[in-house]
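A.B. asks: For reference, this is model-v1.txt, and it has compact mmCIF, C-alpha atoms and all ligand atoms.
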# COMPACT_ATOMS: atom_id res chain seq x y z
CA MET A 1 4.83 83.71 -31.18
CA LYS A 2 3.28 80.88 -29.27
CA THR A 3 3.12 80.45 -25.56
CA PRO A 4 2.28 76.90 -24.54
CA THR A 5 1.72 77.83 -20.88
CA SER A 6 -1.49 79.72 -21.40
CA THR A 7 -4.95 78.54 -22.20
CA ARG A 8 -6.74 81.84 -22.67
CA ARG A 9 -6.72 83.50 -26.04
CA GLU A 10 -5.73 87.12 -26.04
CA ALA A 11 -5.27 89.70 -28.69
CA LEU A 12 -1.85 91.08 -29.34
CA SER A 13 -1.60 94.03 -31.62
CA ILE A 14 1.68 95.21 -33.00
CA ILE A 15 1.90 98.76 -34.22
CA ALA A 16 4.85 99.71 -36.40
CA GLY A 17 6.67 102.20 -34.23
CA GLY A 18 5.42 100.75 -30.98
CA ALA A 19 4.00 97.61 -29.45
CA THR A 20 0.53 97.40 -28.03
CA LEU A 21 -0.58 94.40 -26.03
CA ALA A 22 -4.08 93.78 -24.82
CA PHE A 23 -4.77 91.44 -21.90
CA SER A 24 -7.94 90.31 -20.20
CA PRO A 25 -7.04 89.81 -16.54
CA ALA A 26 -9.25 87.01 -15.18
CA CYS A 27 -10.25 88.92 -12.05
CA LEU A 28 -11.65 91.82 -14.09
CA ALA A 29 -13.70 89.47 -16.25
CA ASN A 30 -15.40 88.29 -13.06
CA SER A 31 -16.03 91.77 -11.70
CA LYS A 32 -19.57 92.18 -10.46
CA ARG A 33 -19.56 95.95 -10.62
CA PRO A 34 -18.81 98.32 -13.48
CA LEU A 35 -15.30 99.75 -13.26
CA SER A 36 -14.39 103.19 -14.48
CA LYS A 37 -11.81 103.48 -17.25
CA LEU A 38 -8.31 103.95 -15.82
CA ARG A 39 -5.32 105.40 -17.60
CA PHE A 40 -1.85 105.69 -16.15
CA LEU A 41 1.76 105.78 -17.30
CA VAL A 42 4.76 103.63 -16.42
CA ALA A 43 8.43 104.56 -16.66
CA SER A 44 11.33 102.46 -15.44
CA ASP A 45 15.11 102.18 -15.29
CA THR A 46 16.21 105.73 -15.91
CA HIS A 47 19.70 104.94 -14.50
CA LEU A 48 20.70 108.58 -14.18
CA GLY A 49 24.47 109.02 -14.24
CA TYR A 50 24.95 105.85 -16.31
CA LYS A 51 28.59 105.60 -17.42
CA ASN A 52 29.15 109.06 -15.96
CA SER A 53 27.70 110.63 -19.08
CA THR A 54 24.66 112.82 -19.58
CA SER A 55 22.97 110.38 -21.98
CA ALA A 56 20.63 109.02 -19.29
CA GLU A 57 19.77 112.55 -18.19
CA LYS A 58 18.85 113.47 -21.77
CA ARG A 59 16.56 110.44 -22.02
CA TRP A 60 14.87 111.31 -18.74
CA ILE A 61 14.38 114.93 -19.81
CA GLN A 62 12.67 113.69 -22.96
CA ALA A 63 10.64 111.03 -21.16
CA ALA A 64 9.44 113.51 -18.53
CA ALA A 65 8.40 115.96 -21.26
CA GLU A 66 6.41 113.21 -23.00
CA LEU A 67 4.89 111.97 -19.73
CA LYS A 68 3.70 115.50 -19.08
CA LEU A 69 1.79 115.54 -22.38
CA ALA A 70 0.59 111.94 -22.29
CA THR A 71 -2.88 111.09 -21.02
CA GLY A 72 -2.79 109.38 -17.65
CA ASP A 73 -3.73 110.15 -14.07
CA LEU A 74 -0.43 109.15 -12.51
CA VAL A 75 3.03 107.81 -13.29
CA LEU A 76 4.73 104.75 -11.83
CA HIS A 77 8.52 104.49 -11.88
CA LEU A 78 9.52 100.84 -11.46
CA GLY A 79 13.02 101.38 -10.10
CA ASP A 80 16.66 102.05 -10.89
CA ILE A 81 16.10 105.77 -10.77
CA VAL A 82 19.84 106.47 -10.65
CA ASP A 83 22.71 104.27 -11.73
CA GLY A 84 25.00 102.71 -9.16
CA GLY A 85 23.65 104.74 -6.24
CA ARG A 86 24.91 108.11 -7.59
CA GLU A 87 23.37 110.35 -4.96
CA GLU A 88 23.73 113.64 -6.85
CA GLN A 89 21.54 112.22 -9.63
CA TYR A 90 18.41 112.14 -7.45
CA GLU A 91 18.33 115.91 -7.79
CA VAL A 92 18.42 115.58 -11.59
CA TYR A 93 15.60 113.05 -11.38
CA LEU A 94 13.44 115.24 -9.15
CA ARG A 95 14.04 118.35 -11.25
CA GLU A 96 12.41 116.71 -14.29
CA ARG A 97 9.83 114.81 -12.26
CA GLU A 98 8.51 118.18 -11.05
CA LYS A 99 7.72 119.15 -14.63
CA ILE A 100 5.51 116.14 -15.32
CA GLY A 101 2.61 117.71 -13.45
CA LYS A 102 1.17 114.34 -12.39
CA PRO A 103 1.65 112.33 -9.23
CA VAL A 104 4.68 110.02 -9.60
CA TYR A 105 5.16 106.91 -7.43
CA GLU A 106 8.51 105.15 -7.41
CA ILE A 107 9.83 101.83 -6.19
CA PRO A 108 13.55 101.39 -5.58
CA GLY A 109 15.68 99.20 -7.82
CA ASN A 110 18.96 97.47 -7.12
CA HIS A 111 20.76 100.69 -8.18
CA ASP A 112 18.86 102.74 -5.58
CA PRO A 113 20.29 102.27 -2.07
CA LEU A 114 17.36 102.28 0.36
CA ASP A 115 18.83 105.03 2.56
CA LEU A 116 19.11 107.31 -0.49
CA PHE A 117 15.62 106.35 -1.66
CA ARG A 118 14.26 107.26 1.79
CA LYS A 119 16.22 110.51 1.83
CA HIS A 120 15.33 111.75 -1.66
CA ILE A 121 12.17 109.98 -2.76
CA ARG A 122 9.96 108.77 0.09
CA LYS A 123 10.47 107.99 3.76
CA GLN A 124 8.16 105.02 3.69
CA VAL A 125 9.41 102.68 0.99
CA ASP A 126 6.66 100.04 0.71
CA VAL A 127 3.34 101.80 0.22
CA ALA A 128 -0.10 101.21 -1.22
CA VAL A 129 -1.53 103.90 -3.49
CA ASP A 130 -5.28 103.90 -4.03
CA HIS A 131 -6.48 105.19 -7.37
CA GLU A 132 -10.22 104.82 -7.84
CA TRP A 133 -10.87 101.05 -7.86
CA LEU A 134 -7.21 100.05 -8.16
CA LYS A 135 -4.69 99.70 -5.37
CA PHE A 136 -1.05 99.89 -6.45
CA VAL A 137 1.00 97.88 -3.98
CA LEU A 138 4.58 99.15 -4.30
CA VAL A 139 7.16 96.79 -2.85
CA SER A 140 10.93 97.13 -2.59
CA ASN A 141 12.39 93.73 -3.55
CA ALA A 142 15.88 94.67 -4.78
CA HIS A 143 19.23 94.57 -3.01
CA THR A 144 22.15 96.69 -4.21
CA ASP A 145 24.51 93.70 -4.16
CA SER A 146 22.39 91.32 -6.24
CA HIS A 147 20.38 91.17 -9.44
CA ASP A 148 17.93 88.76 -7.80
CA GLY A 149 14.85 89.79 -5.87
CA PHE A 150 14.08 89.29 -2.19
CA ILE A 151 10.78 89.60 -0.32
CA THR A 152 10.87 89.35 3.47
CA ASP A 153 8.24 87.61 5.58
CA ALA A 154 7.18 91.00 6.97
CA GLN A 155 6.68 92.30 3.42
CA LEU A 156 4.73 89.18 2.45
CA GLN A 157 2.43 89.71 5.42
CA TRP A 158 1.96 93.32 4.46
CA ILE A 159 1.22 92.42 0.82
CA GLU A 160 -1.43 89.95 1.97
CA SER A 161 -2.96 92.55 4.29
CA GLN A 162 -3.23 94.90 1.30
CA CYS A 163 -5.04 92.21 -0.70
CA VAL A 164 -7.45 91.69 2.19
CA ALA A 165 -8.01 95.46 2.46
CA ALA A 166 -8.59 95.68 -1.30
CA LYS A 167 -11.27 93.02 -1.11
CA LYS A 168 -13.04 94.86 1.70
CA GLN A 169 -12.87 98.10 -0.28
CA GLN A 170 -14.05 96.31 -3.44
CA GLN A 171 -10.77 97.21 -5.10
CA TYR A 172 -8.30 95.39 -7.28
CA VAL A 173 -4.55 95.17 -6.78
CA MET A 174 -1.60 95.87 -9.06
CA LEU A 175 1.60 94.47 -7.55
CA CYS A 176 4.72 96.45 -8.46
CA LEU A 177 8.23 95.15 -7.68
CA HIS A 178 11.47 96.03 -9.47
CA VAL A 179 12.83 92.49 -9.88
CA PRO A 180 10.51 89.97 -11.58
CA VAL A 181 9.17 87.13 -9.47
CA HIS A 182 8.74 84.71 -12.37
CA SER A 183 11.48 82.09 -12.81
CA ASN A 184 13.52 82.63 -15.96
CA ARG A 185 16.85 81.55 -17.34
CA HIS A 186 18.97 81.93 -20.43
CA PRO A 187 18.20 83.39 -23.00
CA ASP A 188 16.45 85.59 -20.42
CA ARG A 189 18.61 87.37 -17.88
CA GLY A 190 17.84 84.78 -15.23
CA TRP A 191 17.27 87.32 -12.46
CA HIS A 192 14.21 86.75 -10.28
CA VAL A 193 12.92 86.09 -6.79
CA LYS A 194 14.13 82.59 -5.98
CA PRO A 195 11.70 80.19 -4.24
CA GLU A 196 13.46 80.53 -0.87
CA HIS A 197 13.58 84.33 -1.14
CA GLY A 198 9.83 84.82 -1.17
CA GLN A 199 8.72 83.51 -4.57
CA THR A 200 6.87 80.47 -3.22
CA LYS A 201 5.14 82.42 -0.47
CA LEU A 202 4.18 85.26 -2.78
CA TYR A 203 2.64 82.82 -5.25
CA ASP A 204 0.67 81.33 -2.34
CA ILE A 205 -0.65 84.79 -1.53
CA ILE A 206 -1.52 85.42 -5.18
CA GLU A 207 -3.33 82.09 -5.29
CA ARG A 208 -5.37 83.05 -2.23
CA HIS A 209 -6.22 86.50 -3.60
CA LYS A 210 -6.15 86.14 -7.34
CA GLN A 211 -9.71 87.30 -7.64
CA GLN A 212 -8.33 90.70 -6.58
CA ILE A 213 -4.99 90.84 -8.42
CA VAL A 214 -4.86 92.32 -11.91
CA ALA A 215 -1.18 91.75 -12.71
CA MET A 216 2.40 92.17 -11.53
CA PHE A 217 4.58 94.92 -12.98
CA HIS A 218 8.38 94.96 -12.92
CA GLY A 219 11.32 96.88 -14.32
CA HIS A 220 14.93 95.66 -14.25
CA PHE A 221 15.13 93.71 -17.52
CA HIS A 222 15.61 96.41 -20.19
CA ASN A 223 13.92 94.06 -22.67
CA GLY A 224 10.99 96.15 -23.84
CA ILE A 225 7.76 94.48 -22.75
CA ARG A 226 8.72 91.04 -21.48
CA GLY A 227 6.03 88.99 -19.76
CA TRP A 228 4.90 85.59 -18.66
CA LYS A 229 1.62 84.02 -17.72
CA ASP A 230 1.49 80.58 -16.19
CA ASP A 231 -1.62 78.43 -16.46
CA ASP A 232 -3.26 79.47 -13.21
CA GLY A 233 -1.25 82.58 -12.66
CA ILE A 234 -1.57 86.26 -13.37
CA HIS A 235 0.38 88.20 -15.97
CA GLU A 236 3.86 89.08 -14.71
CA ILE A 237 5.28 91.80 -16.91
CA CYS A 238 8.62 93.61 -17.11
CA LEU A 239 8.05 97.03 -18.66
CA PRO A 240 10.37 98.99 -20.97
CA ALA A 241 13.32 100.98 -19.68
CA VAL A 242 13.66 104.68 -20.40
CA LEU A 243 17.45 104.39 -20.82
CA TYR A 244 17.79 101.46 -23.23
CA ASN A 245 16.19 98.12 -24.12
CA LEU A 246 17.90 95.11 -25.68
CA ASP A 247 16.60 92.44 -28.02
CA ARG A 248 17.74 89.15 -26.51
CA GLY A 249 16.15 87.14 -29.32
CA LEU A 250 13.62 85.59 -26.94
CA GLU A 251 10.88 85.09 -29.51
CA LYS A 252 13.33 83.59 -31.99
CA GLN A 253 14.58 81.21 -29.33
CA LYS A 254 11.02 80.35 -28.35
CA ALA A 255 11.45 81.37 -24.75
CA ALA A 256 8.26 80.97 -22.69
CA GLY A 257 6.08 84.04 -22.43
CA TYR A 258 5.95 87.07 -24.71
CA ASN A 259 8.34 89.77 -25.84
CA PRO A 260 7.08 91.93 -28.74
CA LEU A 261 9.78 93.18 -31.07
CA GLU A 262 10.14 96.77 -29.95
CA PHE A 263 13.29 97.76 -28.09
CA ARG A 264 13.71 101.51 -28.33
CA PRO A 265 14.00 103.55 -25.15
CA GLY A 266 10.48 104.34 -24.00
CA TYR A 267 7.68 104.26 -21.48
CA THR A 268 4.27 102.57 -21.32
CA LYS A 269 0.75 103.89 -21.41
CA VAL A 270 -1.66 101.62 -19.58
CA THR A 271 -5.40 101.66 -20.10
CA ILE A 272 -7.84 99.44 -18.25
CA ASP A 273 -11.32 99.56 -19.65
CA LYS A 274 -14.19 97.07 -19.83
CA GLY A 275 -12.06 94.22 -18.51
CA LEU A 276 -9.26 94.80 -20.98
CA MET A 277 -5.81 96.01 -19.96
CA THR A 278 -3.85 97.58 -22.81
CA LEU A 279 -0.13 98.23 -22.65
CA ASP A 280 0.98 100.74 -25.22
CA TYR A 281 4.78 100.91 -25.50
CA LYS A 282 5.77 104.43 -26.49
CA PRO A 283 9.29 104.74 -27.87
CA LEU A 284 10.71 108.16 -26.99
CA GLY A 285 10.34 110.65 -29.82
CA ALA A 286 8.34 108.28 -32.02
CA ASP A 287 5.34 109.67 -33.81
CA VAL A 288 2.98 106.74 -33.59
CA SER A 289 0.02 108.65 -34.95
CA ILE A 290 1.05 107.90 -38.54
CA ASN A 291 1.62 104.22 -38.10
CA LYS A 292 -0.61 101.53 -39.44
CA LYS A 293 -1.93 98.97 -37.06
CA CYS A 294 -2.12 95.29 -37.81
CA GLU A 295 -3.68 92.84 -35.46
CA PHE A 296 -3.64 89.14 -35.08
CA ASP A 297 -4.71 86.61 -32.52
CA ARG A 298 -2.34 84.58 -30.52
CA ASP A 299 -2.26 82.36 -27.50
CA GLY A 300 -0.80 84.48 -24.79
ZN ZN B 1 17.57 96.78 -11.89
Can you dump the structure from the file as structure tokens?
C.D. replies:
Amino acid sequence: MKTPTSTRREALSIIAGGATLAFSPACLANSKRPLSKLRFLVASDTHLGYKNSTSAEKRWIQAAAELKLATGDLVLHLGDIVDGGREEQYEVYLREREKIGKPVYEIPGNHDPLDLFRKHIRKQVDVAVDHEWLKFVLVSNAHTDSHDGFITDAQLQWIESQCVAAKKQQQYVMLCLHVPVHSNRHPDRGWHVKPEHGQTKLYDIIERHKQQIVAMFHGHFHNGIRGWKDDDGIHEICLPAVLYNLDRGLEKQKAAGYNPLEFRPGYTKVTIDKGLMTLDYKPLGADVSINKKCEFDRDG
């Protein structure tokens, strides 16, 4: 697994029965003040009502039960709560969400019509959530009639204002958008925010504020953990889907970026401590406590 686009060495650990990746976001390495250890959880792509069967509901029931027990202060859901805008499924989603017993913050995906998201999830769609020293900036960038992402000028302005506010508050920013911003093509899915749909302007904002921005999180890809890091960029990472994940053979085909070989349905435990961000991919129902860990260094 070699990524020619990155200069910084990072550790990647693979655990049999899960994938754990450790990153060192540049902005945290430069932090002048000690930052408390943060732990939170990330779910994505529950697609309730998928194929009009109860399989997605069963996965979500299991995921919610595991999220309840997992250590983490809050849960992010990175979009595609229901499948194909099935309105009655928001009730199913909320019923299990209640049981998690932690704050849950969603962003809409291309399967979540905005009017339904506003009605069932949250009136204000784009929001910033402050958690200790980290500001989650949650942005709706999906349209129901496209797999690509779109960021309006008004949203770009708002994102930049959040970066400015974070700096004033001595906070860092985690950008969360359903559709990845990073360009990608076959063997990847190819879906992203095209330059004219906000990609160029968002990268300009990231360049201006990268001393505040930890990483970008996305859903949408159903490819386990699939990420990229350009030379001067931040990590842009699609996180595992709860419903299903597919192996697209990206590592075999030497696609740019990283995609550890774990594709079971699951969620992610995120820990940020002492400048290191760890993503721990938890397959649903897997007992990872008995697995052996092997580690190796890579360019990532
Ligand atoms: Zn999607």
A.B. asks: Taking a cut-off of 12 Å and counting only C-alpha atoms and all ligand atoms, can you build a table that, for each residue of chain A near ligand ZN 1 (chain B), reports the nearest atom pair and how far apart they are in Å (one decimal), sorted by chain then residue number, as CSV?
C.D. replies:
residue,atom,partner,partner_atom,distance
A:Ser44,CA,B:ZN1,ZN,9.2
A:Asp45,CA,B:ZN1,ZN,6.8
A:Thr46,CA,B:ZN1,ZN,9.9
A:His47,CA,B:ZN1,ZN,8.8
A:His77,CA,B:ZN1,ZN,11.9
A:Leu78,CA,B:ZN1,ZN,9.0
A:Gly79,CA,B:ZN1,ZN,6.7
A:Asp80,CA,B:ZN1,ZN,5.4
A:Ile81,CA,B:ZN1,ZN,9.2
A:Val82,CA,B:ZN1,ZN,10.0
A:Asp83,CA,B:ZN1,ZN,9.1
A:Gly84,CA,B:ZN1,ZN,9.9
A:Gly85,CA,B:ZN1,ZN,11.5
A:Ile107,CA,B:ZN1,ZN,10.9
A:Pro108,CA,B:ZN1,ZN,8.8
A:Gly109,CA,B:ZN1,ZN,5.1
A:Asn110,CA,B:ZN1,ZN,5.0
A:His111,CA,B:ZN1,ZN,6.3
A:Asp112,CA,B:ZN1,ZN,8.8
A:Pro113,CA,B:ZN1,ZN,11.6
A:Ser140,CA,B:ZN1,ZN,11.4
A:Asn141,CA,B:ZN1,ZN,10.3
A:Ala142,CA,B:ZN1,ZN,7.6
A:His143,CA,B:ZN1,ZN,9.3
A:Thr144,CA,B:ZN1,ZN,8.9
A:Asp145,CA,B:ZN1,ZN,10.8
A:Ser146,CA,B:ZN1,ZN,9.2
A:His147,CA,B:ZN1,ZN,6.7
A:Asp148,CA,B:ZN1,ZN,9.0
A:Gly149,CA,B:ZN1,ZN,9.6
A:Leu177,CA,B:ZN1,ZN,10.4
A:His178,CA,B:ZN1,ZN,6.6
A:Val179,CA,B:ZN1,ZN,6.7
A:Pro180,CA,B:ZN1,ZN,9.8
A:Arg189,CA,B:ZN1,ZN,11.2
A:Trp191,CA,B:ZN1,ZN,9.5
A:His192,CA,B:ZN1,ZN,10.7
A:His218,CA,B:ZN1,ZN,9.4
A:Gly219,CA,B:ZN1,ZN,6.7
A:His220,CA,B:ZN1,ZN,3.7
A:Phe221,CA,B:ZN1,ZN,6.9
A:His222,CA,B:ZN1,ZN,8.5
A:Asn223,CA,B:ZN1,ZN,11.7
A:Cys238,CA,B:ZN1,ZN,10.8
A:Leu239,CA,B:ZN1,ZN,11.7
A:Pro240,CA,B:ZN1,ZN,11.8
A:Ala241,CA,B:ZN1,ZN,9.8
A:Leu243,CA,B:ZN1,ZN,11.7
A.B. asks: Just want the 12 Å neighbourhood of Leu28 of chain A, counted on only C-alpha atoms, with same-chain residues fewer than 4 positions away dropped. Output as an mmCIF file with C-alpha atoms, in the frame of the given file.
C.D. replies:
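The resulting part_34.cif:
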data_model
loop_
_atom_site.group_PDB
_atom_site.id
_atom_site.type_symbol
_atom_site.label_atom_id
_atom_site.label_comp_id
_atom_site.auth_asym_id
_atom_site.auth_seq_id
_atom_site.Cartn_x
_atom_site.Cartn_y
_atom_site.Cartn_z
ATOM 1 C CA PHE A 23 -4.770 91.440 -21.900
ATOM 2 C CA SER A 24 -7.940 90.310 -20.200
ATOM 3 C CA LYS A 32 -19.570 92.180 -10.460
ATOM 4 C CA ARG A 33 -19.560 95.950 -10.620
ATOM 5 C CA PRO A 34 -18.810 98.320 -13.480
ATOM 6 C CA LEU A 35 -15.300 99.750 -13.260
ATOM 7 C CA SER A 36 -14.390 103.190 -14.480
ATOM 8 C CA TRP A 133 -10.870 101.050 -7.860
ATOM 9 C CA LEU A 134 -7.210 100.050 -8.160
ATOM 10 C CA GLN A 170 -14.050 96.310 -3.440
ATOM 11 C CA GLN A 171 -10.770 97.210 -5.100
ATOM 12 C CA TYR A 172 -8.300 95.390 -7.280
ATOM 13 C CA VAL A 173 -4.550 95.170 -6.780
ATOM 14 C CA MET A 174 -1.600 95.870 -9.060
ATOM 15 C CA LYS A 210 -6.150 86.140 -7.340
ATOM 16 C CA GLN A 211 -9.710 87.300 -7.640
ATOM 17 C CA GLN A 212 -8.330 90.700 -6.580
ATOM 18 C CA ILE A 213 -4.990 90.840 -8.420
ATOM 19 C CA VAL A 214 -4.860 92.320 -11.910
ATOM 20 C CA ALA A 215 -1.180 91.750 -12.710
ATOM 21 C CA ILE A 234 -1.570 86.260 -13.370
ATOM 22 C CA ILE A 272 -7.840 99.440 -18.250
ATOM 23 C CA ASP A 273 -11.320 99.560 -19.650
ATOM 24 C CA LYS A 274 -14.190 97.070 -19.830
ATOM 25 C CA GLY A 275 -12.060 94.220 -18.510
ATOM 26 C CA LEU A 276 -9.260 94.800 -20.980
ATOM 27 C CA MET A 277 -5.810 96.010 -19.960
#
A.B. asks: Determine the nearest neighbour of Lys269 of chain A from the options A:Ala166, A:Val42, A:Leu76, A:Val92, counting all atoms listed in the file.
C.D. replies: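 Under the stated criterion, the closest residue is A:Val42.
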A.B. asks: Return the single residue from A:Val193, A:Leu202, A:Leu250, A:Val125 that is closest to Asp153 of chain A, with distances computed using all atoms listed in the file.
C.D. replies: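 Going through A:Val193, A:Leu202, A:Leu250, A:Val125 one by one, the smallest distance to Asp153 of chain A is for A:Leu202.
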A.B. asks: Near segment 53-67 of chain A, counting all atoms listed in the file, which residues have an atom at most 10 Å away, once you skip same-chain residues fewer than 6 positions from it, shown as a PyMOL selection string?
C.D. replies: chain A and resi 40-43+45-47+74-75+81-83+89+92-93+95-102+242-244+265-269+282-285
A.B. asks: Looking at all atoms listed in the file, which of A:Ile205, A:Leu94, A:Val139, A:Ala19 is the one that sits closest to Ile225 of chain A?
C.D. replies: A:Ala19
A.B. asks: If you measure from atom CA of Leu21 of chain A to atom CA of Pro103 of chain A, what distance in Å do you get, rounded to one decimal?
C.D. replies: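 Answer for the atom CA of Leu21 of chain A to atom CA of Pro103 of chain A separation: 24.7 Å.
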A.B. asks: Measuring between all atoms listed in the file, which one of A:Cys163, A:Ile206, A:Ala256, A:Val137 shows the shortest distance to Arg185 of chain A?
C.D. replies: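 Once distances to Arg185 of chain A are computed over all atoms listed in the file, the minimum belongs to A:Ala256.
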